[in-house]
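Engineer: My structure is in upload-v5.cif, and what it holds is mmCIF, C-alpha atoms:
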```cif
data_coords
loop_
_atom_site.label_atom_id
_atom_site.label_comp_id
_atom_site.auth_asym_id
_atom_site.auth_seq_id
_atom_site.Cartn_x
_atom_site.Cartn_y
_atom_site.Cartn_z
CA MET A 243 17.19 164.90 -91.91
CA ARG A 244 16.57 166.48 -95.33
CA GLY A 245 14.83 164.35 -97.92
CA LYS A 246 16.66 163.16 -101.03
CA ILE A 247 15.64 162.98 -104.67
CA LEU A 248 17.61 161.09 -107.30
CA VAL A 249 17.19 162.30 -110.90
CA ILE A 250 18.55 159.97 -113.59
CA ASN A 251 19.54 161.23 -117.04
CA LEU A 252 22.49 159.60 -118.83
CA LYS A 253 21.94 161.29 -122.16
CA LEU A 254 24.20 163.87 -123.78
CA ILE A 255 24.81 167.57 -123.17
CA GLY A 256 21.74 168.93 -124.95
CA ASP A 257 19.36 166.64 -123.07
CA LEU A 258 20.96 167.55 -119.75
CA ILE A 259 20.40 171.25 -120.39
CA VAL A 260 16.85 170.69 -121.66
CA SER A 261 16.05 168.74 -118.48
CA THR A 262 16.91 171.69 -116.18
CA PRO A 263 13.32 173.07 -116.07
CA ALA A 264 12.20 169.61 -114.88
CA VAL A 265 14.79 169.65 -112.10
CA ARG A 266 13.71 173.17 -111.14
CA SER A 267 10.10 172.01 -110.92
CA LEU A 268 11.13 169.28 -108.48
CA LYS A 269 13.04 171.78 -106.35
CA LYS A 270 10.00 174.05 -106.26
CA ALA A 271 7.80 171.17 -105.11
CA TYR A 272 10.36 169.88 -102.60
CA PRO A 273 12.39 172.96 -101.53
CA ASP A 274 13.88 171.24 -98.47
CA TYR A 275 15.06 168.15 -100.35
CA ASN A 276 18.55 167.59 -101.71
CA ILE A 277 18.55 166.69 -105.39
CA HIS A 278 21.20 164.25 -106.61
CA PHE A 279 21.68 164.09 -110.39
CA LEU A 280 22.95 160.84 -111.92
CA LEU A 281 24.65 161.32 -115.29
CA ARG A 282 27.33 159.68 -117.39
CA LYS A 283 30.97 160.02 -116.39
CA GLY A 284 32.67 162.97 -118.05
CA PHE A 285 29.50 165.09 -118.11
CA ASP A 286 29.61 166.16 -114.46
CA ASN A 287 30.50 169.76 -115.27
CA VAL A 288 27.65 170.36 -117.75
CA LEU A 289 25.20 171.21 -114.98
CA SER A 290 27.71 172.28 -112.33
CA GLY A 291 26.79 175.55 -110.65
CA ASN A 292 23.07 174.78 -110.87
CA PRO A 293 21.62 175.80 -107.47
CA ASP A 294 18.83 173.21 -107.73
CA ILE A 295 21.29 170.31 -107.70
CA THR A 296 23.15 169.31 -104.54
CA THR A 297 25.28 166.42 -105.77
CA PHE A 298 26.33 164.82 -109.04
CA ILE A 299 26.81 161.06 -109.37
CA ALA A 300 28.80 159.90 -112.39
CA TYR A 301 28.22 156.49 -113.93
CA ASN A 302 30.91 155.01 -116.16
CA LYS A 303 29.12 153.81 -119.31
CA ASP A 304 32.43 152.38 -120.53
CA ALA A 305 32.66 149.94 -117.61
CA SER A 306 32.07 147.10 -120.07
CA LYS A 307 35.61 147.66 -121.35
CA LEU A 308 36.97 146.60 -117.97
CA GLY A 309 36.20 142.94 -118.62
CA LEU A 310 33.27 140.86 -117.40
CA LEU A 311 34.27 140.35 -113.77
CA LYS A 312 35.36 143.96 -113.19
CA LYS A 313 32.22 145.21 -114.89
CA LEU A 314 29.97 143.05 -112.68
CA LEU A 315 31.85 144.23 -109.60
CA TYR A 316 31.48 147.85 -110.71
CA GLU A 317 27.74 147.44 -111.31
CA PHE A 318 27.26 145.78 -107.92
CA LYS A 319 29.17 148.49 -106.06
CA PHE A 320 27.31 151.23 -107.95
CA ALA A 321 23.89 149.75 -107.13
CA LEU A 322 24.96 149.31 -103.50
CA TYR A 323 26.02 152.96 -103.36
CA LEU A 324 22.60 154.06 -104.60
CA ARG A 325 20.92 151.82 -102.04
CA LYS A 326 22.94 153.36 -99.20
CA GLN A 327 21.78 156.86 -100.13
CA LYS A 328 18.25 156.08 -98.88
CA TYR A 329 16.44 158.19 -101.47
CA ASP A 330 12.87 159.26 -100.86
CA ILE A 331 12.11 159.78 -104.55
CA VAL A 332 13.74 158.51 -107.75
CA VAL A 333 12.86 160.12 -111.07
CA ALA A 334 14.19 158.41 -114.21
CA LEU A 335 14.05 160.93 -117.05
CA GLN A 336 14.68 158.27 -119.67
CA PRO A 337 13.49 154.70 -120.19
CA GLY A 338 15.95 151.84 -119.85
CA ASP A 339 16.37 148.50 -118.09
CA ARG A 340 19.36 149.66 -116.03
CA TYR A 341 17.59 152.79 -114.82
CA SER A 342 14.48 150.83 -113.85
CA ILE A 343 16.60 148.38 -111.84
CA TRP A 344 18.52 151.19 -110.13
CA SER A 345 15.25 152.84 -109.16
CA TYR A 346 13.95 149.64 -107.60
CA ILE A 347 17.21 148.76 -105.84
CA SER A 348 17.36 152.26 -104.34
CA GLY A 349 14.41 151.34 -102.14
CA ALA A 350 12.85 154.77 -102.63
CA PRO A 351 9.18 154.91 -101.56
CA LEU A 352 8.33 156.88 -104.73
CA ARG A 353 9.84 155.69 -108.00
CA VAL A 354 8.79 157.50 -111.18
CA GLY A 355 9.51 156.36 -114.71
CA VAL A 356 8.08 156.23 -118.21
CA GLU A 357 5.08 153.93 -118.50
CA LYS A 358 5.90 152.07 -121.72
CA GLN A 359 9.17 150.21 -121.12
CA LYS A 360 10.16 146.64 -120.38
CA PHE A 361 10.65 146.94 -116.60
CA SER A 362 8.01 149.57 -115.92
CA PHE A 363 6.64 147.40 -113.09
CA LEU A 364 9.72 148.33 -111.03
CA PHE A 365 8.34 151.87 -110.77
CA ASN A 366 5.29 152.60 -108.65
CA LYS A 367 4.23 155.75 -110.51
CA HIS A 368 4.27 156.13 -114.27
CA ALA A 369 4.47 159.04 -116.69
CA SER A 370 2.37 158.53 -119.83
CA VAL A 371 4.84 160.02 -122.30
CA LEU A 372 6.80 158.71 -125.26
CA GLU A 373 10.20 159.83 -126.54
CA ASN A 374 10.18 161.49 -129.98
CA ASN A 375 6.46 162.08 -129.61
CA ILE A 376 6.31 165.47 -127.87
CA SER A 377 8.88 168.21 -127.38
CA TYR A 378 11.68 167.15 -125.06
CA LEU A 379 11.06 170.18 -122.85
CA ASP A 380 7.53 168.89 -122.24
CA TYR A 381 8.71 165.27 -122.06
CA TYR A 382 11.07 165.87 -119.13
CA LEU A 383 8.63 168.23 -117.41
CA LYS A 384 5.77 165.72 -117.58
CA ILE A 385 7.93 163.03 -115.96
CA ALA A 386 8.90 165.47 -113.19
CA GLN A 387 5.25 166.48 -112.75
CA THR A 388 4.35 162.83 -112.23
CA ALA A 389 6.71 162.96 -109.24
CA GLY A 390 4.96 166.07 -107.95
CA GLY A 391 7.08 168.66 -109.75
CA ILE A 392 5.62 172.16 -110.08
CA PRO A 393 6.65 173.81 -113.37
CA ASN A 394 7.30 177.52 -112.98
CA SER A 395 9.35 178.27 -116.09
CA LEU A 396 10.44 176.68 -119.35
CA ALA A 397 13.74 178.56 -119.22
CA THR A 398 16.77 176.27 -119.43
CA SER A 399 19.94 176.80 -117.39
CA PHE A 400 23.67 176.72 -117.99
CA TYR A 401 26.19 178.22 -115.57
CA ILE A 402 29.64 179.56 -116.42
CA THR A 403 32.53 179.42 -113.97
CA LYS A 404 34.90 182.34 -113.27
CA GLU A 405 37.76 180.21 -114.57
CA ALA A 406 35.95 179.64 -117.87
CA SER A 407 35.21 183.36 -118.25
CA PHE A 408 38.86 184.16 -117.57
CA LEU A 409 40.04 181.68 -120.22
CA ALA A 410 37.51 182.96 -122.76
CA ASN A 411 38.71 186.52 -122.17
CA GLN A 412 42.28 185.37 -122.72
CA LEU A 413 41.32 183.74 -126.02
CA LEU A 414 39.65 187.00 -127.05
CA ALA A 415 42.41 189.24 -125.74
CA GLY A 416 42.62 192.38 -127.86
CA VAL A 417 39.08 191.94 -129.20
CA PRO A 418 37.00 194.96 -128.09
CA GLN A 419 33.74 194.28 -126.27
CA SER A 420 31.97 196.16 -129.06
CA THR A 421 33.06 193.58 -131.65
CA ASN A 422 30.38 191.31 -133.04
CA CYS A 423 31.72 187.87 -132.14
CA LEU A 424 29.98 184.98 -133.90
CA VAL A 425 30.28 181.36 -132.84
CA ILE A 426 30.00 178.79 -135.63
CA HIS A 427 29.65 175.11 -134.77
CA PRO A 428 29.94 173.16 -138.03
CA GLY A 429 29.88 169.62 -136.64
CA ALA A 430 27.54 167.16 -134.97
CA SER A 431 27.82 163.59 -133.72
CA ASP A 432 25.60 162.48 -136.62
CA ARG A 433 27.10 163.75 -139.88
CA LEU A 434 23.82 163.17 -141.71
CA ARG A 435 22.42 166.02 -139.59
CA CYS A 436 25.30 168.35 -140.51
CA TRP A 437 25.21 171.07 -143.11
CA SER A 438 28.21 170.46 -145.35
CA THR A 439 31.67 171.72 -144.41
CA ASP A 440 31.85 173.54 -147.75
CA ASN A 441 28.63 175.41 -146.94
CA PHE A 442 29.95 176.47 -143.54
CA ILE A 443 33.22 177.66 -145.09
CA SER A 444 31.40 179.65 -147.78
CA LEU A 445 29.08 181.17 -145.17
CA ALA A 446 31.96 182.05 -142.83
CA LYS A 447 33.86 183.79 -145.64
CA GLN A 448 30.83 185.99 -146.28
CA ILE A 449 30.45 186.72 -142.57
CA GLN A 450 34.15 187.61 -142.41
CA ASN A 451 33.52 190.43 -144.90
CA LEU A 452 31.01 192.09 -142.59
CA PRO A 453 32.27 195.07 -140.55
CA ASN A 454 33.40 194.64 -136.94
CA VAL A 455 33.13 190.83 -136.84
CA LYS A 456 35.24 188.17 -135.10
CA LEU A 457 34.71 184.50 -135.94
CA ILE A 458 34.87 181.79 -133.29
CA PHE A 459 34.71 178.16 -134.41
CA SER A 460 33.65 175.50 -131.94
CA PHE A 461 34.41 171.80 -132.34
CA GLY A 462 33.45 168.75 -130.27
CA PRO A 463 35.35 165.47 -129.89
CA ALA A 464 33.70 164.01 -133.00
CA GLU A 465 34.93 166.86 -135.22
CA LYS A 466 38.72 166.62 -134.90
CA ASP A 467 39.02 166.17 -138.66
CA MET A 468 37.44 169.59 -139.22
CA VAL A 469 39.76 171.62 -137.00
CA GLU A 470 42.70 171.92 -139.40
CA ILE A 471 40.39 172.70 -142.34
CA PHE A 472 38.96 175.74 -140.55
CA LYS A 473 42.31 176.80 -139.11
CA THR A 474 43.70 176.89 -142.65
CA ASN A 475 40.76 178.81 -144.09
CA PHE A 476 40.37 181.22 -141.17
CA PRO A 477 43.80 181.76 -139.55
CA GLU A 478 42.65 184.89 -137.70
CA SER A 479 39.70 183.19 -136.04
CA VAL A 480 39.46 181.75 -132.53
CA ILE A 481 39.33 177.95 -132.51
CA SER A 482 37.63 176.23 -129.57
CA THR A 483 38.02 172.45 -129.20
CA GLU A 484 36.75 170.01 -126.59
CA THR A 485 40.05 170.34 -124.70
CA LEU A 486 38.95 173.77 -123.47
CA GLY A 487 35.90 172.29 -121.74
CA ILE A 488 32.21 172.97 -122.17
CA LYS A 489 32.18 175.85 -119.67
CA THR A 490 34.78 177.77 -121.71
CA VAL A 491 32.72 177.19 -124.85
CA GLY A 492 29.78 178.65 -122.94
CA ALA A 493 31.86 181.66 -121.90
CA LEU A 494 32.86 182.27 -125.53
CA ILE A 495 29.20 182.07 -126.54
CA LYS A 496 28.31 184.54 -123.78
CA ARG A 497 30.75 187.04 -125.32
CA SER A 498 29.07 186.62 -128.72
CA ARG A 499 26.22 188.34 -130.52
CA LEU A 500 25.07 185.24 -132.40
CA CYS A 501 25.68 181.51 -132.89
CA ILE A 502 25.21 179.41 -136.01
CA SER A 503 25.04 175.68 -135.36
CA ASN A 504 23.72 172.35 -136.48
CA ASP A 505 21.24 170.77 -134.06
CA THR A 506 23.76 170.16 -131.26
CA SER A 507 24.38 171.08 -127.63
CA ILE A 508 25.68 174.49 -128.77
CA ARG A 509 22.15 175.64 -129.61
CA HIS A 510 20.92 174.70 -126.13
CA ILE A 511 23.84 176.43 -124.42
CA SER A 512 23.19 179.56 -126.50
CA VAL A 513 19.50 179.68 -125.64
CA ALA A 514 20.21 179.04 -121.94
CA LEU A 515 22.69 181.95 -121.94
CA GLY A 516 20.36 184.28 -123.80
CA VAL A 517 22.48 184.46 -126.96
CA PRO A 518 20.50 184.16 -130.22
CA VAL A 519 21.25 181.10 -132.35
CA ILE A 520 20.47 180.07 -135.90
CA THR A 521 19.97 176.31 -135.82
CA LEU A 522 20.16 174.14 -138.94
CA MET A 523 17.94 171.13 -138.32
CA PRO A 524 16.60 168.11 -140.23
CA ASP A 525 12.85 168.45 -140.69
CA ASP A 526 12.21 164.87 -139.54
CA ILE A 527 13.03 165.72 -135.90
CA SER A 528 11.53 169.20 -135.69
CA SER A 529 8.30 168.05 -134.03
CA TYR A 530 10.16 167.15 -130.85
CA TRP A 531 13.40 169.21 -131.02
CA ASP A 532 12.14 172.57 -132.30
CA PHE A 533 10.53 173.88 -129.12
CA TYR A 534 11.96 177.22 -127.99
CA ASN A 535 9.43 179.08 -130.16
CA ASP A 536 10.99 182.51 -129.72
CA PRO A 537 12.81 184.13 -132.65
CA SER A 538 14.70 186.40 -130.27
CA LYS A 539 16.29 183.23 -128.85
CA GLU A 540 16.46 180.89 -131.82
CA LEU A 541 15.70 180.72 -135.50
CA VAL A 542 15.36 177.13 -136.73
CA VAL A 543 16.07 176.60 -140.42
CA LEU A 544 14.83 173.22 -141.62
CA GLY A 545 16.52 171.06 -144.22
CA LYS A 546 16.57 167.45 -145.34
CA ARG A 547 18.64 164.84 -143.52
CA GLY A 548 21.64 163.54 -145.44
CA ILE A 549 21.46 160.31 -147.41
CA ILE A 550 24.48 158.06 -146.80
CA ASN A 551 24.91 156.70 -150.32
CA ALA A 552 23.46 159.55 -152.34
CA GLU A 553 25.08 159.89 -155.77
CA ASP A 554 25.03 163.66 -155.38
CA ILE A 555 27.65 164.31 -152.66
CA SER A 556 25.85 167.47 -151.52
CA ARG A 557 22.89 165.31 -150.45
CA ARG A 558 25.00 163.21 -148.08
CA SER A 559 24.84 166.12 -145.63
CA LEU A 560 21.93 168.19 -144.36
CA HIS A 561 20.64 169.82 -147.54
CA GLY A 562 17.89 172.09 -148.80
CA ILE A 563 19.19 175.11 -146.86
CA GLU A 564 20.56 177.95 -148.97
CA ILE A 565 23.64 179.90 -147.90
CA THR A 566 22.01 183.14 -149.09
CA PHE A 567 19.02 182.58 -146.80
CA VAL A 568 21.19 181.92 -143.73
CA MET A 569 23.35 184.95 -144.55
CA LYS A 570 20.26 187.13 -144.84
CA LYS A 571 19.14 186.05 -141.36
CA ILE A 572 22.62 186.72 -139.93
CA ARG A 573 22.48 190.27 -141.32
CA GLU A 574 19.05 190.74 -139.75
CA TYR A 575 20.31 189.64 -136.33
CA LEU A 576 23.40 191.85 -136.56
CA LYS A 577 21.45 194.70 -138.18
CA VAL A 578 24.05 195.18 -140.91
#
```
Hey, can you dump this file as structure tokens for me?

Structural biologist:
Amino acid sequence: MRGKILVINLKLIGDLIVSTPAVRSLKKAYPDYNIHFLLRKGFDNVLSGNPDITTFIAYNKDASKLGLLKKLLYEFKFALYLRKQKYDIVVALQPGDRYSIWSYISGAPLRVGVEKQKFSFLFNKHASVLENNISYLDYYLKIAQTAGGIPNSLATSFYITKEASFLANQLLAGVPQSTNCLVIHPGASDRLRCWSTDNFISLAKQIQNLPNVKLIFSFGPAEKDMVEIFKTNFPESVISTETLGIKTVGALIKRSRLCISNDTSIRHISVALGVPVITLMPDDISSYWDFYNDPSKELVVLGKRGIINAEDISRRSLHGIEITFVMKKIREYLKV
């Protein structure tokens, strides 16, 4: 019987993509083992197609909305399911009481987790790393190495389905392959990390004046209020919302020459697909989120995080980044 490894990561899209080198290192160390990846419900398709992962297990983080009794029953059944899988190794890529308990309940002979957390004693091997202390690429890799993982590449992975490629081509019907498509992602879950909407609109209008360019705007579920604003300002552009699915967004990025984004999952998808991205990032997180270190893949432009109650409205968003500077870099990438 093939061995089994359970990898736990219930973070968001960017973290899932950044953790793919860690998963690959485990597969290299244990080529005959099946790797099961436990993530939050609704994120199953982010890593689908990854040859290193055999099975995805989705956990419903909204189970608390079911009511106390139903939630307890759900938690019990979920833990029982993990126990029945008879894992040989459990690797928790993030600290947390629930993940520590799952690891222990699984009965796995080797249980690896971060050293400094409340229930660290439930693991029998510990990774001496801290979140927000080293780059997240290194963070996930070091946890996997503690489980025996053998790093062979820092390259991240994201796989596009045929269906997503077909839909992207439909959305870009009539746009020649020679056109310079640019994906712009003006939102983020944390608005204090977002460059202002006005800045993105001004930038996009300048980009629109460049020869042979097609604009594609991408929006996540937290940016519904932005959609109509950009539709109105750029009626000839392609608008991609969360209803299209993350794989279709990836397929649109794959058709593009360049992406411009706040520090969101879009930057990680772009890098994984080999499409250059200009990332606008607060300087207070750069020590652990600016880690690709290759200008052919990503240019990180640092600014200051927004201040909620700033009297100057422009300082309530990511600020300190000039439109002229970003536009100059776009021209350099496009060679125009």

Engineer: Using all atoms listed in the file, which of A:Ile481, A:Ala464, A:Ala321, A:Ala410 sits nearest A:Ser431?

Structural biologist: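 Smallest separation from A:Ser431 among the options: A:Ala464.
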
Engineer: Please expand the PyMOL selection byres ((chain A and resi 373) around 10) into the concrete residues it hits in this file, giving the result as a list of chain:residue names.

Structural biologist: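 Applying the PyMOL selection byres ((chain A and resi 373) around 10) to the structure shown produces A:Gln336, A:Pro337, A:Val356, A:Val371, A:Leu372, A:Asn374, A:Asn375, A:Ile376, A:Ser377, A:Tyr378, A:Tyr381, A:Tyr382, A:Tyr530.
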
Engineer: Please provide the set of residues having any atom within 7 Å of stretch 438-441 of chain A, restricted to all atoms listed in the file, with same-chain residues fewer than 5 positions apart removed, written as JSON, numbers by chain.

Structural biologist: {"A": [428, 559, 560, 565]}

Engineer: Using only C-alpha atoms, pick whichever of A:Gly562, A:Gly545, A:Gly256, A:Pro263 has the shortest atom-to-atom distance to A:Thr398.

Structural biologist: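 Among the listed residues, A:Pro263 lies closest to A:Thr398.
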
Engineer: With all atoms listed in the file as the atoms that count, which of A:Ile449, A:Ala369, A:Ile343, A:Val354 lies nearest to A:Leu248?

Structural biologist: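 Result for the nearest residue to A:Leu248: A:Val354.
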
Engineer: Taking the file as I've supplied it (selection: the PyMOL selection byres ((chain A and resi 247) around 9)), which residues are included? Please answer as a short mmCIF file (atom, residue, chain, number, x, y, z; two decimals) with C-alpha atoms, in the frame of the given file.

Structural biologist:
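out-v9.cif was written with the following content:
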```
data_model
loop_
_atom_site.label_atom_id
_atom_site.label_comp_id
_atom_site.auth_asym_id
_atom_site.auth_seq_id
_atom_site.Cartn_x
_atom_site.Cartn_y
_atom_site.Cartn_z
CA GLY A 245 14.83 164.35 -97.92
CA LYS A 246 16.66 163.16 -101.03
CA LEU A 248 17.61 161.09 -107.30
CA VAL A 249 17.19 162.30 -110.90
CA LEU A 268 11.13 169.28 -108.48
CA TYR A 272 10.36 169.88 -102.60
CA TYR A 275 15.06 168.15 -100.35
CA ASN A 276 18.55 167.59 -101.71
CA ILE A 277 18.55 166.69 -105.39
CA HIS A 278 21.20 164.25 -106.61
CA PHE A 279 21.68 164.09 -110.39
CA TYR A 329 16.44 158.19 -101.47
CA ASP A 330 12.87 159.26 -100.86
CA ILE A 331 12.11 159.78 -104.55
CA VAL A 332 13.74 158.51 -107.75
CA VAL A 333 12.86 160.12 -111.07
CA ALA A 350 12.85 154.77 -102.63
#
```

Engineer: Which residue is closest to A:Arg433? Choose from A:Val491, A:Met523, A:Val288, A:Ile563 and count all atoms listed in the file.

Structural biologist: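 Of the candidates, the smallest distance to A:Arg433 is held by A:Met523.
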
Engineer: Name the residues that the PyMOL selection byres ((chain A and resi 432) around 12) pulls out of this structure, and write them as a PyMOL selection string.

Structural biologist: chain A and resi 428-431+433-437+462+464-465+504-506+523-524+547-550+558-560

Engineer: Name all residues at most 7 Å from A:Leu335 (count all atoms listed in the file; drop same-chain ones fewer than 6 positions away) and give them as a list in words.

Structural biologist: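 So the residues in contact are Ile250, Asn251, Gly355, Tyr382 and Ile385 of chain A.
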
Engineer: Just give me the gap between atom CA of A:Gln359 and atom CA of A:Ile392 in Å, one decimal is fine.

Structural biologist: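 That distance, rounded to one decimal, is 24.8 Å.
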
Engineer: Can you tell me, as a ChimeraX atom specification, what residues are no more than 10 Å from stretch 416-420 of chain A when counting only C-alpha atoms, ignoring any on the same chain fewer than 3 positions away?

Structural biologist: /A:411-413,423,454-456,497-499

Engineer: Edge lengths and centre in Å to one decimal, as JSON, of the axis-aligned box that encloses all listed atoms of stretch 522-525 of chain A with 4 Å added on every side?

Structural biologist:
```
{"center_x": 16.5, "center_y": 171.1, "center_z": -139.5, "size_x": 15.3, "size_y": 14.0, "size_z": 10.4}
```

Engineer: Could you rebuild stretch 327-341 of chain A with N, CA and C atoms and give me the result as a PDB file, in the coordinates of the input?

Structural biologist:
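Okay, rebuild.pdb is ready:
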```
ATOM      1  N   GLN A 327      22.167 155.453-100.195  1.00  0.00           N
ATOM      2  CA  GLN A 327      21.780 156.860-100.130  1.00  0.00           C
ATOM      3  C   GLN A 327      20.401 157.081 -99.517  1.00  0.00           C
ATOM      4  N   LYS A 328      19.587 156.017 -99.483  1.00  0.00           N
ATOM      5  CA  LYS A 328      18.250 156.080 -98.880  1.00  0.00           C
ATOM      6  C   LYS A 328      17.405 157.217 -99.484  1.00  0.00           C
ATOM      7  N   TYR A 329      17.228 157.152-100.786  1.00  0.00           N
ATOM      8  CA  TYR A 329      16.440 158.190-101.470  1.00  0.00           C
ATOM      9  C   TYR A 329      14.966 158.072-101.122  1.00  0.00           C
ATOM     10  N   ASP A 330      14.317 159.223-101.072  1.00  0.00           N
ATOM     11  CA  ASP A 330      12.870 159.260-100.860  1.00  0.00           C
ATOM     12  C   ASP A 330      12.125 159.173-102.196  1.00  0.00           C
ATOM     13  N   ILE A 331      12.736 159.750-103.233  1.00  0.00           N
ATOM     14  CA  ILE A 331      12.110 159.780-104.550  1.00  0.00           C
ATOM     15  C   ILE A 331      13.200 159.522-105.598  1.00  0.00           C
ATOM     16  N   VAL A 332      12.874 158.685-106.580  1.00  0.00           N
ATOM     17  CA  VAL A 332      13.740 158.510-107.750  1.00  0.00           C
ATOM     18  C   VAL A 332      12.935 158.861-108.988  1.00  0.00           C
ATOM     19  N   VAL A 333      13.521 159.708-109.834  1.00  0.00           N
ATOM     20  CA  VAL A 333      12.860 160.120-111.070  1.00  0.00           C
ATOM     21  C   VAL A 333      13.787 159.773-112.229  1.00  0.00           C
ATOM     22  N   ALA A 334      13.401 158.798-113.038  1.00  0.00           N
ATOM     23  CA  ALA A 334      14.190 158.410-114.210  1.00  0.00           C
ATOM     24  C   ALA A 334      13.669 159.179-115.419  1.00  0.00           C
ATOM     25  N   LEU A 335      14.484 160.080-115.943  1.00  0.00           N
ATOM     26  CA  LEU A 335      14.050 160.930-117.050  1.00  0.00           C
ATOM     27  C   LEU A 335      14.192 160.261-118.411  1.00  0.00           C
ATOM     28  N   GLN A 336      14.607 158.999-118.409  1.00  0.00           N
ATOM     29  CA  GLN A 336      14.680 158.270-119.670  1.00  0.00           C
ATOM     30  C   GLN A 336      14.357 156.800-119.405  1.00  0.00           C
ATOM     31  N   PRO A 337      13.760 156.120-120.377  1.00  0.00           N
ATOM     32  CA  PRO A 337      13.490 154.700-120.190  1.00  0.00           C
ATOM     33  C   PRO A 337      14.775 153.895-120.332  1.00  0.00           C
ATOM     34  N   GLY A 338      14.787 152.713-119.724  1.00  0.00           N
ATOM     35  CA  GLY A 338      15.950 151.840-119.850  1.00  0.00           C
ATOM     36  C   GLY A 338      15.961 150.805-118.741  1.00  0.00           C
ATOM     37  N   ASP A 339      16.370 149.583-119.074  1.00  0.00           N
ATOM     38  CA  ASP A 339      16.370 148.500-118.090  1.00  0.00           C
ATOM     39  C   ASP A 339      17.221 148.845-116.878  1.00  0.00           C
ATOM     40  N   ARG A 340      18.427 149.350-117.126  1.00  0.00           N
ATOM     41  CA  ARG A 340      19.360 149.660-116.030  1.00  0.00           C
ATOM     42  C   ARG A 340      18.766 150.693-115.080  1.00  0.00           C
ATOM     43  N   TYR A 341      18.127 151.708-115.649  1.00  0.00           N
ATOM     44  CA  TYR A 341      17.590 152.790-114.820  1.00  0.00           C
ATOM     45  C   TYR A 341      16.387 152.307-114.006  1.00  0.00           C
TER      46      TYR A 341
END
```
